[in-house]
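What's in data36.pdb: PDB, C-alpha atoms and all ligand atoms
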ATOM      1  CA  MET A   1     -12.833 -19.901  22.294
ATOM      2  CA  ASN A   2     -13.415 -21.551  18.936
ATOM      3  CA  PRO A   3     -11.581 -24.902  19.272
ATOM      4  CA  TYR A   4     -11.065 -25.324  15.528
ATOM      5  CA  PHE A   5      -9.561 -22.045  14.308
ATOM      6  CA  LYS A   6      -8.822 -18.520  15.445
ATOM      7  CA  ASP A   7     -11.925 -16.530  14.554
ATOM      8  CA  PHE A   8     -12.221 -12.765  14.200
ATOM      9  CA  SER A   9     -13.433 -12.122  17.742
ATOM     10  CA  GLU A  10     -10.465 -14.033  19.207
ATOM     11  CA  TYR A  11      -8.092 -12.110  16.931
ATOM     12  CA  MET A  12      -9.625  -8.798  17.971
ATOM     13  CA  GLN A  13      -9.275  -9.765  21.633
ATOM     14  CA  GLU A  14      -5.577 -10.330  21.017
ATOM     15  CA  VAL A  15      -5.108  -6.927  19.404
ATOM     16  CA  PHE A  16      -7.589  -5.016  21.624
ATOM     17  CA  PRO A  17      -7.794  -6.931  24.920
ATOM     18  CA  GLY A  18     -10.984  -6.350  26.894
ATOM     19  CA  ILE A  19     -12.613  -4.153  24.224
ATOM     20  CA  LYS A  20     -15.503  -5.018  21.908
ATOM     21  CA  VAL A  21     -14.770  -3.712  18.410
ATOM     22  CA  GLN A  22     -16.770  -3.321  15.237
ATOM     23  CA  LYS A  23     -15.587  -2.392  11.753
ATOM     24  CA  LEU A  24     -17.085   0.851  10.418
ATOM     25  CA  SER A  25     -16.929   1.048   6.637
ATOM     26  CA  ILE A  26     -15.772   4.307   5.125
ATOM     27  CA  ASP A  27     -16.137   5.249   1.476
ATOM     28  CA  ALA A  28     -13.576   8.004   0.984
ATOM     29  CA  GLY A  29     -14.204   8.362  -2.749
ATOM     30  CA  PHE A  30     -11.349   6.175  -3.895
ATOM     31  CA  THR A  31     -11.241   4.793  -7.399
ATOM     32  CA  CYS A  32      -9.436   1.780  -8.760
ATOM     33  CA  PRO A  33      -6.254   1.679 -10.839
ATOM     34  CA  ASN A  34      -7.535  -1.478 -12.472
ATOM     35  CA  ARG A  35     -10.456   0.484 -13.884
ATOM     36  CA  ASP A  36      -9.066   3.912 -14.714
ATOM     37  CA  GLY A  37      -6.193   2.707 -16.898
ATOM     38  CA  SER A  38      -3.381   3.353 -14.382
ATOM     39  CA  ILE A  39      -2.825  -0.385 -14.114
ATOM     40  CA  GLY A  40      -5.639  -1.848 -16.188
ATOM     41  CA  THR A  41      -9.105  -1.242 -17.542
ATOM     42  CA  GLY A  42     -12.410  -3.022 -17.034
ATOM     43  CA  GLY A  43     -11.640  -4.059 -13.449
ATOM     44  CA  CYS A  44     -11.439  -7.562 -12.051
ATOM     45  CA  ILE A  45     -14.047  -9.597 -13.872
ATOM     46  CA  TYR A  46     -16.057 -10.446 -10.747
ATOM     47  CA  CYS A  47     -16.090  -6.956  -9.221
ATOM     48  CA  ASN A  48     -19.105  -4.777  -8.695
ATOM     49  CA  ASN A  49     -18.299  -2.465  -5.786
ATOM     50  CA  ALA A  50     -21.983  -1.693  -5.220
ATOM     51  CA  SER A  51     -22.277  -5.264  -3.948
ATOM     52  CA  PHE A  52     -20.076  -4.642  -0.906
ATOM     53  CA  THR A  53     -20.510  -0.999   0.079
ATOM     54  CA  PRO A  54     -22.850  -0.606   3.077
ATOM     55  CA  GLY A  55     -25.702   1.866   2.773
ATOM     56  CA  TYR A  56     -24.650   4.039   5.720
ATOM     57  CA  CYS A  57     -21.467   5.406   4.096
ATOM     58  CA  SER A  58     -21.219   7.881   1.250
ATOM     59  CA  PRO A  59     -18.150   9.606  -0.228
ATOM     60  CA  LYS A  60     -20.131  12.877  -0.098
ATOM     61  CA  ASP A  61     -19.519  12.910   3.665
ATOM     62  CA  SER A  62     -16.125  13.582   5.254
ATOM     63  CA  VAL A  63     -14.325  10.696   6.922
ATOM     64  CA  GLU A  64     -15.228  12.185  10.306
ATOM     65  CA  THR A  65     -18.938  12.439   9.389
ATOM     66  CA  GLN A  66     -19.003   8.894   8.070
ATOM     67  CA  ILE A  67     -17.469   7.644  11.307
ATOM     68  CA  PHE A  68     -20.051   9.629  13.285
ATOM     69  CA  LYS A  69     -22.942   8.238  11.211
ATOM     70  CA  GLY A  70     -21.536   4.711  11.398
ATOM     71  CA  LYS A  71     -21.284   4.941  15.183
ATOM     72  CA  GLU A  72     -24.915   6.126  15.373
ATOM     73  CA  PHE A  73     -25.893   3.096  13.294
ATOM     74  CA  PHE A  74     -24.351   0.678  15.819
ATOM     75  CA  ARG A  75     -24.512   2.664  19.068
ATOM     76  CA  ARG A  76     -28.163   1.962  19.898
ATOM     77  CA  LYS A  77     -27.482  -1.754  20.056
ATOM     78  CA  TYR A  78     -23.964  -1.693  21.536
ATOM     79  CA  PRO A  79     -23.284   1.497  23.517
ATOM     80  CA  GLU A  80     -19.849   0.304  24.757
ATOM     81  CA  MET A  81     -18.546  -0.554  21.298
ATOM     82  CA  LYS A  82     -15.238   0.776  19.937
ATOM     83  CA  TYR A  83     -14.528   0.948  16.241
ATOM     84  CA  LEU A  84     -12.115   0.110  13.481
ATOM     85  CA  ALA A  85     -12.293   2.678  10.683
ATOM     86  CA  TYR A  86     -12.469   0.414   7.634
ATOM     87  CA  PHE A  87     -11.434   1.926   4.312
ATOM     88  CA  GLN A  88     -13.223  -0.670   2.253
ATOM     89  CA  SER A  89     -14.461   0.394  -1.183
ATOM     90  CA  TYR A  90     -12.187   0.212  -4.226
ATOM     91  CA  THR A  91      -8.405   0.667  -3.712
ATOM     92  CA  ASN A  92      -7.861   2.727  -0.587
ATOM     93  CA  THR A  93      -4.196   3.575  -1.118
ATOM     94  CA  PHE A  94      -4.512   4.874  -4.657
ATOM     95  CA  GLY A  95      -5.260   8.114  -6.503
ATOM     96  CA  LYS A  96      -4.311  10.640  -3.818
ATOM     97  CA  SER A  97      -0.908  11.950  -2.784
ATOM     98  CA  VAL A  98       0.856  10.027  -0.028
ATOM     99  CA  ALA A  99       0.589  13.135   2.193
ATOM    100  CA  SER A 100      -3.188  13.401   1.759
ATOM    101  CA  LEU A 101      -3.649   9.658   2.289
ATOM    102  CA  ALA A 102      -1.640   9.861   5.512
ATOM    103  CA  LYS A 103      -3.705  12.878   6.647
ATOM    104  CA  MET A 104      -6.950  11.023   6.003
ATOM    105  CA  TYR A 105      -5.887   7.859   7.852
ATOM    106  CA  ARG A 106      -4.637  10.005  10.744
ATOM    107  CA  GLU A 107      -7.995  11.812  10.870
ATOM    108  CA  ALA A 108      -9.747   8.463  11.111
ATOM    109  CA  ALA A 109      -7.308   7.103  13.694
ATOM    110  CA  ASP A 110      -7.771  10.207  15.870
ATOM    111  CA  SER A 111     -11.596  10.078  15.798
ATOM    112  CA  GLU A 112     -13.393   9.482  19.066
ATOM    113  CA  ASP A 113     -14.003   5.782  19.823
ATOM    114  CA  VAL A 114     -11.812   4.636  16.918
ATOM    115  CA  VAL A 115      -9.174   2.204  18.207
ATOM    116  CA  GLY A 116      -7.706   1.017  14.916
ATOM    117  CA  ILE A 117      -7.825   1.412  11.156
ATOM    118  CA  VAL A 118      -8.184  -1.190   8.430
ATOM    119  CA  ILE A 119      -7.214  -0.387   4.851
ATOM    120  CA  GLY A 120      -8.277  -2.541   1.923
ATOM    121  CA  THR A 121      -6.054  -2.353  -1.131
ATOM    122  CA  ARG A 122      -4.169  -4.093  -3.933
ATOM    123  CA  PRO A 123      -0.635  -5.449  -3.467
ATOM    124  CA  ASP A 124       0.760  -3.132  -6.148
ATOM    125  CA  CYS A 125      -0.494   0.090  -4.536
ATOM    126  CA  LEU A 126       1.676   0.167  -1.422
ATOM    127  CA  PRO A 127       4.742   2.355  -1.997
ATOM    128  CA  ASN A 128       7.368   2.391   0.742
ATOM    129  CA  GLU A 129       6.746   6.070   1.454
ATOM    130  CA  LEU A 130       3.125   5.258   2.325
ATOM    131  CA  ILE A 131       4.200   2.292   4.450
ATOM    132  CA  ASP A 132       6.441   4.726   6.399
ATOM    133  CA  HIS A 133       3.343   6.788   7.297
ATOM    134  CA  LEU A 134       1.310   3.689   8.160
ATOM    135  CA  SER A 135       4.135   2.568  10.404
ATOM    136  CA  ASP A 136       4.050   5.919  12.242
ATOM    137  CA  ILE A 137       0.266   5.722  12.761
ATOM    138  CA  ASN A 138       0.620   2.084  13.821
ATOM    139  CA  GLU A 139       2.829   3.121  16.749
ATOM    140  CA  GLU A 140      -0.212   4.712  18.404
ATOM    141  CA  THR A 141      -3.220   3.141  16.697
ATOM    142  CA  PRO A 142      -3.097  -0.379  15.267
ATOM    143  CA  VAL A 143      -3.191  -0.475  11.468
ATOM    144  CA  ILE A 144      -4.283  -3.566   9.548
ATOM    145  CA  VAL A 145      -3.781  -3.688   5.786
ATOM    146  CA  GLU A 146      -6.058  -6.086   3.908
ATOM    147  CA  ILE A 147      -4.609  -7.077   0.555
ATOM    148  CA  GLY A 148      -6.696  -8.538  -2.236
ATOM    149  CA  ALA A 149      -4.586 -11.525  -3.243
ATOM    150  CA  GLU A 150      -7.409 -13.818  -4.447
ATOM    151  CA  THR A 151      -5.210 -16.710  -5.682
ATOM    152  CA  SER A 152      -1.558 -17.703  -5.830
ATOM    153  CA  PHE A 153      -1.853 -18.755  -9.486
ATOM    154  CA  ASP A 154      -0.640 -16.104 -11.911
ATOM    155  CA  ASP A 155      -2.541 -17.593 -14.856
ATOM    156  CA  THR A 156      -5.791 -17.261 -12.890
ATOM    157  CA  LEU A 157      -4.871 -13.707 -11.865
ATOM    158  CA  GLN A 158      -4.441 -12.912 -15.547
ATOM    159  CA  LEU A 159      -7.709 -14.601 -16.485
ATOM    160  CA  ILE A 160      -9.674 -12.589 -13.939
ATOM    161  CA  ASN A 161      -7.902  -9.381 -15.034
ATOM    162  CA  ARG A 162      -6.300  -8.614 -11.663
ATOM    163  CA  ASN A 163      -3.189  -7.215 -13.361
ATOM    164  CA  HIS A 164      -0.847  -8.157 -10.550
ATOM    165  CA  THR A 165       1.062 -11.304  -9.667
ATOM    166  CA  TRP A 166       1.484 -13.498  -6.591
ATOM    167  CA  THR A 167       5.038 -12.159  -6.317
ATOM    168  CA  ASP A 168       3.507  -8.684  -5.866
ATOM    169  CA  VAL A 169       1.475 -10.092  -2.965
ATOM    170  CA  GLU A 170       4.512 -11.691  -1.306
ATOM    171  CA  ASP A 171       6.514  -8.500  -1.718
ATOM    172  CA  ALA A 172       3.800  -6.251  -0.240
ATOM    173  CA  VAL A 173       3.201  -8.572   2.718
ATOM    174  CA  ARG A 174       6.912  -8.705   3.548
ATOM    175  CA  ARG A 175       7.395  -4.932   3.284
ATOM    176  CA  LEU A 176       4.418  -4.265   5.571
ATOM    177  CA  ASN A 177       5.444  -6.942   8.038
ATOM    178  CA  SER A 178       9.013  -5.627   8.209
ATOM    179  CA  ARG A 179       7.529  -2.326   9.474
ATOM    180  CA  GLY A 180       5.361  -4.044  12.090
ATOM    181  CA  ILE A 181       2.066  -3.584  10.235
ATOM    182  CA  ARG A 182      -0.528  -6.326  10.504
ATOM    183  CA  VAL A 183      -1.560  -7.888   7.200
ATOM    184  CA  GLY A 184      -4.628  -9.834   6.133
ATOM    185  CA  LEU A 185      -5.179 -11.504   2.767
ATOM    186  CA  HIS A 186      -8.407 -11.841   0.804
ATOM    187  CA  LEU A 187      -8.707 -15.118  -1.090
ATOM    188  CA  ILE A 188     -11.460 -16.356  -3.405
ATOM    189  CA  ALA A 189     -12.483 -19.994  -3.787
ATOM    190  CA  GLY A 190     -13.922 -21.166  -7.089
ATOM    191  CA  LEU A 191     -12.143 -18.886  -9.536
ATOM    192  CA  PRO A 192     -12.217 -19.841 -13.237
ATOM    193  CA  GLY A 193     -10.172 -22.926 -14.006
ATOM    194  CA  GLU A 194      -9.470 -23.660 -10.337
ATOM    195  CA  ASN A 195     -10.617 -26.556  -8.168
ATOM    196  CA  GLU A 196     -10.505 -27.418  -4.470
ATOM    197  CA  GLU A 197      -6.843 -28.443  -4.663
ATOM    198  CA  SER A 198      -5.895 -25.071  -6.216
ATOM    199  CA  VAL A 199      -7.637 -23.276  -3.356
ATOM    200  CA  LEU A 200      -5.840 -25.361  -0.751
ATOM    201  CA  GLU A 201      -2.509 -24.716  -2.450
ATOM    202  CA  THR A 202      -3.167 -20.976  -2.344
ATOM    203  CA  VAL A 203      -4.149 -21.152   1.337
ATOM    204  CA  ASN A 204      -0.972 -23.106   2.083
ATOM    205  CA  LYS A 205       1.174 -20.527   0.300
ATOM    206  CA  ALA A 206      -0.619 -17.681   2.087
ATOM    207  CA  CYS A 207       0.004 -19.316   5.462
ATOM    208  CA  LYS A 208       3.748 -19.365   4.809
ATOM    209  CA  LEU A 209       3.724 -15.569   4.632
ATOM    210  CA  PRO A 210       3.886 -13.314   7.723
ATOM    211  CA  ILE A 211       0.154 -12.582   7.765
ATOM    212  CA  GLU A 212      -2.277 -12.420  10.685
ATOM    213  CA  SER A 213      -5.580 -13.112   8.948
ATOM    214  CA  ILE A 214      -7.296 -14.612   5.935
ATOM    215  CA  LYS A 215     -10.658 -13.588   4.559
ATOM    216  CA  MET A 216     -11.956 -16.394   2.409
ATOM    217  CA  HIS A 217     -15.015 -16.304   0.266
ATOM    218  CA  GLN A 218     -16.765 -18.220  -2.464
ATOM    219  CA  LEU A 219     -16.749 -16.710  -5.929
ATOM    220  CA  GLN A 220     -20.057 -14.963  -6.459
ATOM    221  CA  ILE A 221     -21.356 -14.239  -9.920
ATOM    222  CA  VAL A 222     -22.810 -10.790  -9.504
ATOM    223  CA  LYS A 223     -24.924  -8.637 -11.812
ATOM    224  CA  GLY A 224     -23.153  -5.910 -13.737
ATOM    225  CA  THR A 225     -19.857  -7.780 -14.025
ATOM    226  CA  PRO A 226     -17.880  -9.121 -17.000
ATOM    227  CA  LEU A 227     -17.883 -12.479 -15.188
ATOM    228  CA  LEU A 228     -21.658 -12.723 -15.524
ATOM    229  CA  SER A 229     -21.541 -11.949 -19.265
ATOM    230  CA  LYS A 230     -18.843 -14.578 -19.829
ATOM    231  CA  PHE A 231     -20.699 -17.090 -17.641
ATOM    232  CA  GLU A 232     -23.960 -16.583 -19.534
ATOM    233  CA  ARG A 233     -22.182 -16.965 -22.880
ATOM    234  CA  GLY A 234     -20.393 -20.092 -21.643
ATOM    235  CA  ASP A 235     -17.054 -18.403 -22.335
ATOM    236  CA  ILE A 236     -15.479 -19.218 -19.009
ATOM    237  CA  ASP A 237     -14.767 -22.350 -16.990
ATOM    238  CA  VAL A 238     -16.721 -21.612 -13.803
ATOM    239  CA  THR A 239     -18.925 -24.004 -11.860
ATOM    240  CA  PRO A 240     -20.234 -22.352  -8.706
ATOM    241  CA  PHE A 241     -19.806 -24.493  -5.578
ATOM    242  CA  THR A 242     -22.825 -26.104  -4.048
ATOM    243  CA  LEU A 243     -23.216 -25.253  -0.375
ATOM    244  CA  GLU A 244     -22.223 -28.808   0.587
ATOM    245  CA  GLU A 245     -19.077 -28.644  -1.538
ATOM    246  CA  TYR A 246     -18.074 -25.299  -0.069
ATOM    247  CA  LEU A 247     -18.677 -26.521   3.485
ATOM    248  CA  ASP A 248     -16.439 -29.515   2.775
ATOM    249  CA  LEU A 249     -13.770 -27.239   1.346
ATOM    250  CA  SER A 250     -14.033 -24.884   4.317
ATOM    251  CA  VAL A 251     -13.441 -27.819   6.692
ATOM    252  CA  ARG A 252     -10.293 -28.688   4.726
ATOM    253  CA  ILE A 253      -9.163 -25.057   4.895
ATOM    254  CA  VAL A 254      -9.666 -24.965   8.669
ATOM    255  CA  LYS A 255      -7.468 -28.042   8.992
ATOM    256  CA  ILE A 256      -4.494 -26.478   7.175
ATOM    257  CA  VAL A 257      -4.548 -22.914   8.540
ATOM    258  CA  PRO A 258      -2.261 -22.733  11.585
ATOM    259  CA  ARG A 259      -3.757 -21.467  14.841
ATOM    260  CA  HIS A 260      -1.759 -18.218  14.798
ATOM    261  CA  ILE A 261      -3.609 -17.061  11.647
ATOM    262  CA  CYS A 262      -7.187 -15.857  12.030
ATOM    263  CA  ILE A 263      -9.813 -16.931   9.502
ATOM    264  CA  GLU A 264     -11.958 -13.835   9.555
ATOM    265  CA  ARG A 265     -14.748 -15.155   7.384
ATOM    266  CA  PHE A 266     -15.661 -17.771   4.778
ATOM    267  CA  LEU A 267     -18.624 -16.191   3.072
ATOM    268  CA  ALA A 268     -19.299 -13.284   0.768
ATOM    269  CA  SER A 269     -22.889 -12.187   1.075
ATOM    270  CA  SER A 270     -23.630  -9.565  -1.529
ATOM    271  CA  PRO A 271     -27.228  -8.311  -1.649
ATOM    272  CA  SER A 272     -29.358 -11.220  -2.859
ATOM    273  CA  ASP A 273     -30.894  -9.218  -5.716
ATOM    274  CA  MET A 274     -27.390  -8.757  -7.160
ATOM    275  CA  VAL A 275     -26.203 -12.353  -6.911
ATOM    276  CA  VAL A 276     -26.868 -14.680  -9.833
ATOM    277  CA  ALA A 277     -24.951 -17.693  -8.462
ATOM    278  CA  PRO A 278     -24.493 -19.393  -6.101
ATOM    279  CA  LYS A 279     -27.750 -18.428  -4.405
ATOM    280  CA  TRP A 280     -27.458 -19.884  -0.918
ATOM    281  CA  GLY A 281     -29.307 -17.058   0.813
ATOM    282  CA  LEU A 282     -27.122 -17.349   3.912
ATOM    283  CA  LYS A 283     -25.796 -14.688   6.215
ATOM    284  CA  ASN A 284     -22.244 -15.011   7.487
ATOM    285  CA  TYR A 285     -23.313 -16.204  10.935
ATOM    286  CA  GLN A 286     -25.608 -18.840   9.404
ATOM    287  CA  PHE A 287     -22.761 -20.238   7.328
ATOM    288  CA  SER A 288     -20.526 -20.199  10.427
ATOM    289  CA  ASN A 289     -23.120 -22.235  12.336
ATOM    290  CA  LEU A 290     -23.271 -24.802   9.537
ATOM    291  CA  LEU A 291     -19.487 -24.956   9.425
ATOM    292  CA  MET A 292     -19.189 -25.383  13.180
ATOM    293  CA  ASN A 293     -21.712 -28.250  13.044
ATOM    294  CA  ARG A 294     -19.671 -29.835  10.293
ATOM    295  CA  LEU A 295     -16.428 -29.415  12.265
ATOM    296  CA  ARG A 296     -17.997 -31.054  15.331
ATOM    297  CA  GLN A 297     -18.906 -34.200  13.384
ATOM    298  CA  PRO A 298     -16.505 -37.105  13.913
ATOM    299  CA  ILE A 299     -14.346 -37.770  10.867
TER     300      ILE A 299
HETATM  301  S1  LIG A 301     -11.752  -5.931  -6.934
HETATM  302 FE1  LIG A 301     -10.551  -4.141  -6.307
HETATM  303  S2  LIG A 301      -8.887  -4.016  -7.825
HETATM  304 FE2  LIG A 301     -10.485  -5.309  -8.709
HETATM  305  S3  LIG A 301     -11.751  -3.911  -9.933
HETATM  306 FE3  LIG A 301     -12.709  -4.120  -7.902
HETATM  307  S4  LIG A 301     -11.897  -2.390  -6.739
HETATM  308 FE4  LIG A 301     -10.544  -2.679  -8.519
END
Take the structure I supplied and represent it as structure tokens, if you would.
Ligand code: SF4
Amino acid sequence: MNPYFKDFSEYMQEVFPGIKVQKLSIDAGFTCPNRDGSIGTGGCIYCNNASFTPGYCSPKDSVETQIFKGKEFFRRKYPEMKYLAYFQSYTNTFGKSVASLAKMYREAADSEDVVGIVIGTRPDCLPNELIDHLSDINEETPVIVEIGAETSFDDTLQLINRNHTWTDVEDAVRRLNSRGIRVGLHLIAGLPGENEESVLETVNKACKLPIESIKMHQLQIVKGTPLLSKFERGDIDVTPFTLEEYLDLSVRIVKIVPRHICIERFLASSPSDMVVAPKWGLKNYQFSNLLMNRLRQPI
């Protein structure tokens, strides 16, 4: 057991005792209301979905086929593995009727070797009618909803063109939790105008909510994003963390997150040819090793 914080494998052992699980990304052809004008246009300034969609999934394939292909990808190495169907790309609760969304999640939940589903979305795309369906599925197959919260500061949310507020996050978390659905929050460290103290304040506020996990990552300046254009023009107050600074911040985060909340990860690792800054060239496990070394050092 990790003595410093609840990591993802410990969390998964709590939810799925005795089973080894792996997330399988599914691209079900969702779009984003913050791009198509439903909520906003242009998208969040840092977002380029191509930087976090794995190569083995394609919206041309059905959910079932994507799960099959994903399992083939992992099966050779880990024949005993069970899977979480992970609806990852864009906003996975938007742009389809509630009935067709529920049908699709059910199809994933009923697939062979799938033991749970994970749905990534925005806080303002979770109507109660959909939560009713998720609650039904959750009675048989655990459902985890991952909400992109990013920061608790509304002025930053506006600056990065998220087009939702922290109150939206709190409301969505509480509605999901009241129906017994597990919730994780995505948070970003290093957003424009923010410093280490802002990040810690956001983490503190997140930990007061009924969530089960946090996914932290450093802001990456990625090709093909408005953030890169603004950064190159000097139009935005962003100074990417050095690795040392981010390790120090991660240690401080570990110290304030209570043991009942899992810290699933600390690092975003978009393909290196897409990242302009910071260029640390680290995989998630390599960052974790550095962090664990840092945590073991006497204060
Ligand atoms: S981060 Fe999510 S909400 Fe923002 S533009 Fe990308 S897909 Fe849309």
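For Ala268 in chain A, the list of residues within 8 Å, based on all atoms listed in the file and with local chain neighbours fewer than 4 positions off taken out, reads His217, Gln218, Leu219, Gln220 and Asn284 of chain A.
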Could you please take those selected residues and save C-alpha atoms as a tab-separated table (two decimals), in the coordinates of the input?
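selection_3.tsv, written as the output of this step:
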chain	number	residue	atom	x	y	z
A	217	HIS	CA	-15.02	-16.30	0.27
A	218	GLN	CA	-16.76	-18.22	-2.46
A	219	LEU	CA	-16.75	-16.71	-5.93
A	220	GLN	CA	-20.06	-14.96	-6.46
A	284	ASN	CA	-22.24	-15.01	7.49
May I have the residues within 10 Å of Pro240 in chain A as a list in words, using all atoms listed in the file and disregarding those fewer than 3 positions away in the same chain?
->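 Once the nearby chain positions are removed, what remains is Ala189, Gly190, Leu191, Pro192, Gln218, Leu219, Gln220, Ile221, Asp237, Leu243, Glu245, Tyr246, Ala277, Pro278 and Lys279 of chain A.
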Per residue of range 166-285 of chain A within 9 Å of range 132-151 of chain A, what are the shortest atom pair and its distance in Å to one decimal, counting all atoms listed in the file, with rows by chain and residue number, as a Markdown table?
| residue | atom | partner | partner_atom | distance |
| --- | --- | --- | --- | --- |
| A:Trp166 | CA | A:Ala149 | CA | 7.2 |
| A:Asp168 | CA | A:Ala149 | CA | 9.0 |
| A:Val169 | CA | A:Ala149 | CA | 6.2 |
| A:Ala172 | CA | A:Ile147 | CA | 8.5 |
| A:Val173 | CA | A:Ile147 | CA | 8.2 |
| A:Leu176 | CA | A:Val145 | CA | 8.2 |
| A:Arg179 | CA | A:Ser135 | CA | 6.0 |
| A:Gly180 | CA | A:Ser135 | CA | 6.9 |
| A:Ile181 | CA | A:Val143 | CA | 6.2 |
| A:Arg182 | CA | A:Ile144 | CA | 4.8 |
| A:Val183 | CA | A:Val145 | CA | 5.0 |
| A:Gly184 | CA | A:Glu146 | CA | 4.6 |
| A:Leu185 | CA | A:Ile147 | CA | 5.0 |
| A:His186 | CA | A:Gly148 | CA | 4.8 |
| A:Leu187 | CA | A:Glu150 | CA | 3.8 |
| A:Ile188 | CA | A:Glu150 | CA | 4.9 |
| A:Ala189 | CA | A:Glu150 | CA | 8.0 |
| A:Leu191 | CA | A:Thr151 | CA | 8.2 |
| A:Ser198 | CA | A:Thr151 | CA | 8.4 |
| A:Val199 | CA | A:Thr151 | CA | 7.4 |
| A:Thr202 | CA | A:Thr151 | CA | 5.8 |
| A:Val203 | CA | A:Thr151 | CA | 8.4 |
| A:Ser213 | CA | A:Glu146 | CA | 8.7 |
| A:Ile214 | CA | A:Glu146 | CA | 8.9 |
| A:Lys215 | CA | A:Glu146 | CA | 8.8 |
| A:Met216 | CA | A:Glu150 | CA | 8.6 |
Take the PyMOL selection byres (((not hetatm)) within 6 of (chain A and resi 301)), apply it to the structure above, and return the hits as a list of chain:residue names.
->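 So the PyMOL selection byres (((not hetatm)) within 6 of (chain A and resi 301)) ends up selecting A:Cys32, A:Asn34, A:Gly43, A:Cys44, A:Cys47, A:Tyr90, A:Thr91.
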Who sits within 10 Å of Val21 in chain A, all atoms listed in the file, same chain under 5 positions skipped, as a PyMOL selection string | chain A and resi 9+12-13+16+78+80-84+113-116
Ground truth for the PyMOL selection byres (((chain A and resi 165) around 12) and not hetatm), written as a list in words |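 Applied to this file, the PyMOL selection byres (((chain A and resi 165) around 12) and not hetatm) selects Arg122, Pro123, Asp124, Gly148, Ala149, Glu150, Thr151, Ser152, Phe153, Asp154, Asp155, Thr156, Leu157, Gln158, Leu159, Ile160, Asn161, Arg162, Asn163, His164, Trp166, Thr167, Asp168, Val169, Glu170, Asp171 and Ala172 of chain A.
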Got a sec to resolve the PyMOL selection byres (((chain A and resi 259-265) around 7) and not hetatm) on this structure and send the residues as a PyMOL selection string?
-> chain A and resi 5-8+11+212-216+257-258+266-267
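One finds CA of Arg174 in chain A at 20.5 Å from CA of Ala102 in chain A.
CA of Glu232 in chain A to CA of Val276 in chain A spans 10.3 Å [interatomic distance, one decimal].
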